[in-house]
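As structure tokens, the structure follows; a few thoughts come after it.
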Amino acid sequence: MAMIVLVGWVIFLAAVIVGSLIGKPTTVTLLQYQGGVLYDRGRPRREVGTGRHRVWAGIQKVIIVDKRPTSVSFENRAVALSDGATAVYGFSSSAEVQDVSKALYRARNYNEIPTYVLLCCTRFVLNHYASEGLQASKETITQEIVNQAKPRLAAAGFELQDFKFHPPLPCLANAASQRAV
């Protein structure tokens with residue numbers, strides 16, 4: 001009788017030890033608009049797509065990314081122009097995750113990447129214009145912003161879906177004329 005109890009305890013301890021080493025099987029389900037990366041013992045193994053995936057809880061994990069388009073919209077943003085004047089602009093845009101791994105590794109929150117890139121590119125392009133050239137070339141400005149943003153977003157695993165630039169309002173004030181007063 002004591003031998004049966006001892007064998008039972010040995011089997012129980014072996015099951016606990018093996019369970020802690022390999023985990024327990026579980027299922028992760030990814031929806032149509034989700035993608036993910038399977039990690040095994042903290043190392044990325046492969047990208048996983050839509051469907052059910054068997055993982056060993058405890059040693060494997062799936063980090064899920066929402067691949068639906070991320071909308072970005074800004075109004076009444078001020079920017080300094082090359083002649084010292086200030087212009088107020090706005091834009092709306094959307095970008096979609098194309099490469100799950102790149103998107104995960106580019107920022108702590110991958111949804112903030114399109115916002116950051118589009119704001120930086122818009123400011124960069126507008127800083128090179130003078131107040132006179134701003135109203136005349138809305139399409140040119142829009143195309144320059146898109147040309148700057150697309151490769152940066154692609155490097156971060158995103159694709160720019162659309163970009164609508166709201167024309168800058170008339171310049172608020174010229175810095176040189178304010179100093180003269």
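Starting from 1 in every chain, residues are counted up; chains themselves are A, B, ... following the order of the structure tokens, and ligands are numbered from 1 as listed.
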Neighbour list for segment 40-56 of chain A as a count of residues only, cut-off 7 Å, only C-alpha atoms, skip fewer than 6 positions in-chain = 12
Contacts of segment 87-95 of chain A at 8 Å or less, counting only C-alpha atoms, minus same-chain residues fewer than 6 places along, as a ChimeraX atom specification?
-> /A:69-81,114,131,158-172
Please report, as JSON, numbers by chain, each residue of chain A to which DSSP assigns helix (DSSP H, G or I) when run on this structure's backbone.
-> {"A": [2, 3, 4, 5, 6, 7, 8, 9, 10, 11, 12, 13, 14, 15, 16, 17, 18, 19, 20, 21, 22, 100, 101, 102, 103, 104, 105, 106, 110, 111, 112, 113, 114, 115, 116, 117, 118, 119, 120, 121, 122, 123, 124, 125, 126, 127, 131, 132, 133, 134, 135, 136, 138, 139, 140, 141, 142, 143, 144, 145, 146, 147, 148, 149, 150, 151, 152, 153, 154, 155, 175, 176, 177, 178, 179, 180]}
Please produce a file of those selected residues containing C-alpha atoms, as a PDB file, in the first residue's frame.
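Just written: selection_21.pdb:
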ATOM      1  CA  ALA A   2       2.835   2.387   0.865  1.00  0.00           C
ATOM      2  CA  MET A   3       4.431   1.605  -2.484  1.00  0.00           C
ATOM      3  CA  ILE A   4       1.256   2.623  -4.367  1.00  0.00           C
ATOM      4  CA  VAL A   5       1.113   5.938  -2.488  1.00  0.00           C
ATOM      5  CA  LEU A   6       4.795   6.546  -3.190  1.00  0.00           C
ATOM      6  CA  VAL A   7       4.349   5.802  -6.917  1.00  0.00           C
ATOM      7  CA  GLY A   8       1.310   8.139  -6.950  1.00  0.00           C
ATOM      8  CA  TRP A   9       3.355  10.942  -5.414  1.00  0.00           C
ATOM      9  CA  VAL A  10       6.186  10.391  -7.879  1.00  0.00           C
ATOM     10  CA  ILE A  11       3.756  10.532 -10.818  1.00  0.00           C
ATOM     11  CA  PHE A  12       2.154  13.674  -9.388  1.00  0.00           C
ATOM     12  CA  LEU A  13       5.517  15.419  -8.904  1.00  0.00           C
ATOM     13  CA  ALA A  14       6.656  14.373 -12.385  1.00  0.00           C
ATOM     14  CA  ALA A  15       3.450  15.828 -13.861  1.00  0.00           C
ATOM     15  CA  VAL A  16       3.972  19.124 -11.979  1.00  0.00           C
ATOM     16  CA  ILE A  17       7.598  19.371 -13.105  1.00  0.00           C
ATOM     17  CA  VAL A  18       6.817  18.502 -16.738  1.00  0.00           C
ATOM     18  CA  GLY A  19       3.839  20.891 -16.702  1.00  0.00           C
ATOM     19  CA  SER A  20       6.006  23.747 -15.483  1.00  0.00           C
ATOM     20  CA  LEU A  21       8.599  23.054 -18.188  1.00  0.00           C
ATOM     21  CA  ILE A  22       6.292  22.720 -21.196  1.00  0.00           C
ATOM     22  CA  VAL A 100       3.094  42.627 -38.127  1.00  0.00           C
ATOM     23  CA  SER A 101       6.666  42.053 -36.932  1.00  0.00           C
ATOM     24  CA  LYS A 102       7.915  45.459 -38.069  1.00  0.00           C
ATOM     25  CA  ALA A 103       4.931  47.223 -36.519  1.00  0.00           C
ATOM     26  CA  LEU A 104       5.468  45.506 -33.160  1.00  0.00           C
ATOM     27  CA  TYR A 105       9.158  46.366 -32.961  1.00  0.00           C
ATOM     28  CA  ARG A 106       9.005  50.010 -34.065  1.00  0.00           C
ATOM     29  CA  TYR A 110       2.300  50.521 -32.801  1.00  0.00           C
ATOM     30  CA  ASN A 111      -0.906  52.539 -33.344  1.00  0.00           C
ATOM     31  CA  GLU A 112       1.012  55.767 -32.659  1.00  0.00           C
ATOM     32  CA  ILE A 113       3.458  55.272 -35.543  1.00  0.00           C
ATOM     33  CA  PRO A 114       1.236  56.748 -38.311  1.00  0.00           C
ATOM     34  CA  THR A 115       0.435  59.783 -36.162  1.00  0.00           C
ATOM     35  CA  TYR A 116       4.090  60.495 -35.430  1.00  0.00           C
ATOM     36  CA  VAL A 117       5.309  59.950 -38.985  1.00  0.00           C
ATOM     37  CA  LEU A 118       2.571  62.048 -40.585  1.00  0.00           C
ATOM     38  CA  LEU A 119       3.012  64.940 -38.158  1.00  0.00           C
ATOM     39  CA  CYS A 120       6.805  64.952 -38.684  1.00  0.00           C
ATOM     40  CA  CYS A 121       6.551  64.783 -42.472  1.00  0.00           C
ATOM     41  CA  THR A 122       3.889  67.502 -42.637  1.00  0.00           C
ATOM     42  CA  ARG A 123       5.925  69.863 -40.459  1.00  0.00           C
ATOM     43  CA  PHE A 124       9.104  69.140 -42.417  1.00  0.00           C
ATOM     44  CA  VAL A 125       7.481  69.935 -45.761  1.00  0.00           C
ATOM     45  CA  LEU A 126       5.627  73.036 -44.549  1.00  0.00           C
ATOM     46  CA  ASN A 127       8.738  74.458 -42.854  1.00  0.00           C
ATOM     47  CA  SER A 131       3.666  82.177 -46.825  1.00  0.00           C
ATOM     48  CA  GLU A 132       3.177  83.288 -50.481  1.00  0.00           C
ATOM     49  CA  GLY A 133       3.852  79.830 -51.922  1.00  0.00           C
ATOM     50  CA  LEU A 134       1.589  78.049 -49.492  1.00  0.00           C
ATOM     51  CA  GLN A 135      -1.816  78.875 -51.008  1.00  0.00           C
ATOM     52  CA  ALA A 136      -0.764  78.356 -54.611  1.00  0.00           C
ATOM     53  CA  LYS A 138      -1.834  72.691 -52.170  1.00  0.00           C
ATOM     54  CA  GLU A 139      -1.538  69.642 -54.462  1.00  0.00           C
ATOM     55  CA  THR A 140       2.241  69.920 -54.565  1.00  0.00           C
ATOM     56  CA  ILE A 141       2.444  70.125 -50.785  1.00  0.00           C
ATOM     57  CA  THR A 142       0.135  67.130 -50.413  1.00  0.00           C
ATOM     58  CA  GLN A 143       2.237  65.083 -52.846  1.00  0.00           C
ATOM     59  CA  GLU A 144       5.476  66.023 -51.070  1.00  0.00           C
ATOM     60  CA  ILE A 145       4.044  64.967 -47.702  1.00  0.00           C
ATOM     61  CA  VAL A 146       2.859  61.641 -49.134  1.00  0.00           C
ATOM     62  CA  ASN A 147       6.253  61.060 -50.800  1.00  0.00           C
ATOM     63  CA  GLN A 148       8.005  61.669 -47.469  1.00  0.00           C
ATOM     64  CA  ALA A 149       5.584  59.588 -45.378  1.00  0.00           C
ATOM     65  CA  LYS A 150       5.168  56.450 -47.524  1.00  0.00           C
ATOM     66  CA  PRO A 151       8.740  55.099 -47.207  1.00  0.00           C
ATOM     67  CA  ARG A 152       8.873  55.894 -43.500  1.00  0.00           C
ATOM     68  CA  LEU A 153       5.583  54.118 -42.879  1.00  0.00           C
ATOM     69  CA  ALA A 154       6.657  51.172 -45.043  1.00  0.00           C
ATOM     70  CA  ALA A 155       9.835  50.819 -42.971  1.00  0.00           C
ATOM     71  CA  ALA A 175       7.589  87.342 -37.099  1.00  0.00           C
ATOM     72  CA  ALA A 176       9.650  90.126 -38.737  1.00  0.00           C
ATOM     73  CA  SER A 177       6.731  92.585 -38.728  1.00  0.00           C
ATOM     74  CA  GLN A 178       5.968  91.791 -35.081  1.00  0.00           C
ATOM     75  CA  ARG A 179       9.529  92.629 -34.066  1.00  0.00           C
ATOM     76  CA  ALA A 180       9.363  95.984 -35.838  1.00  0.00           C
TER      77      ALA A 180
END
Identify all residues of segment 6-154 of chain A in strand (DSSP E or B) (DSSP on the backbone) and supply them as a PyMOL selection string.
-> chain A and resi 24-30+34-40+43-48+51-57+60-66+70-80+85-97
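When only C-alpha atoms are used to measure the gap to Gly36 of chain A, the shortest distance among A:Ala85, A:Ile63, A:Ala156, A:Ala107 belongs to A:Ile63.
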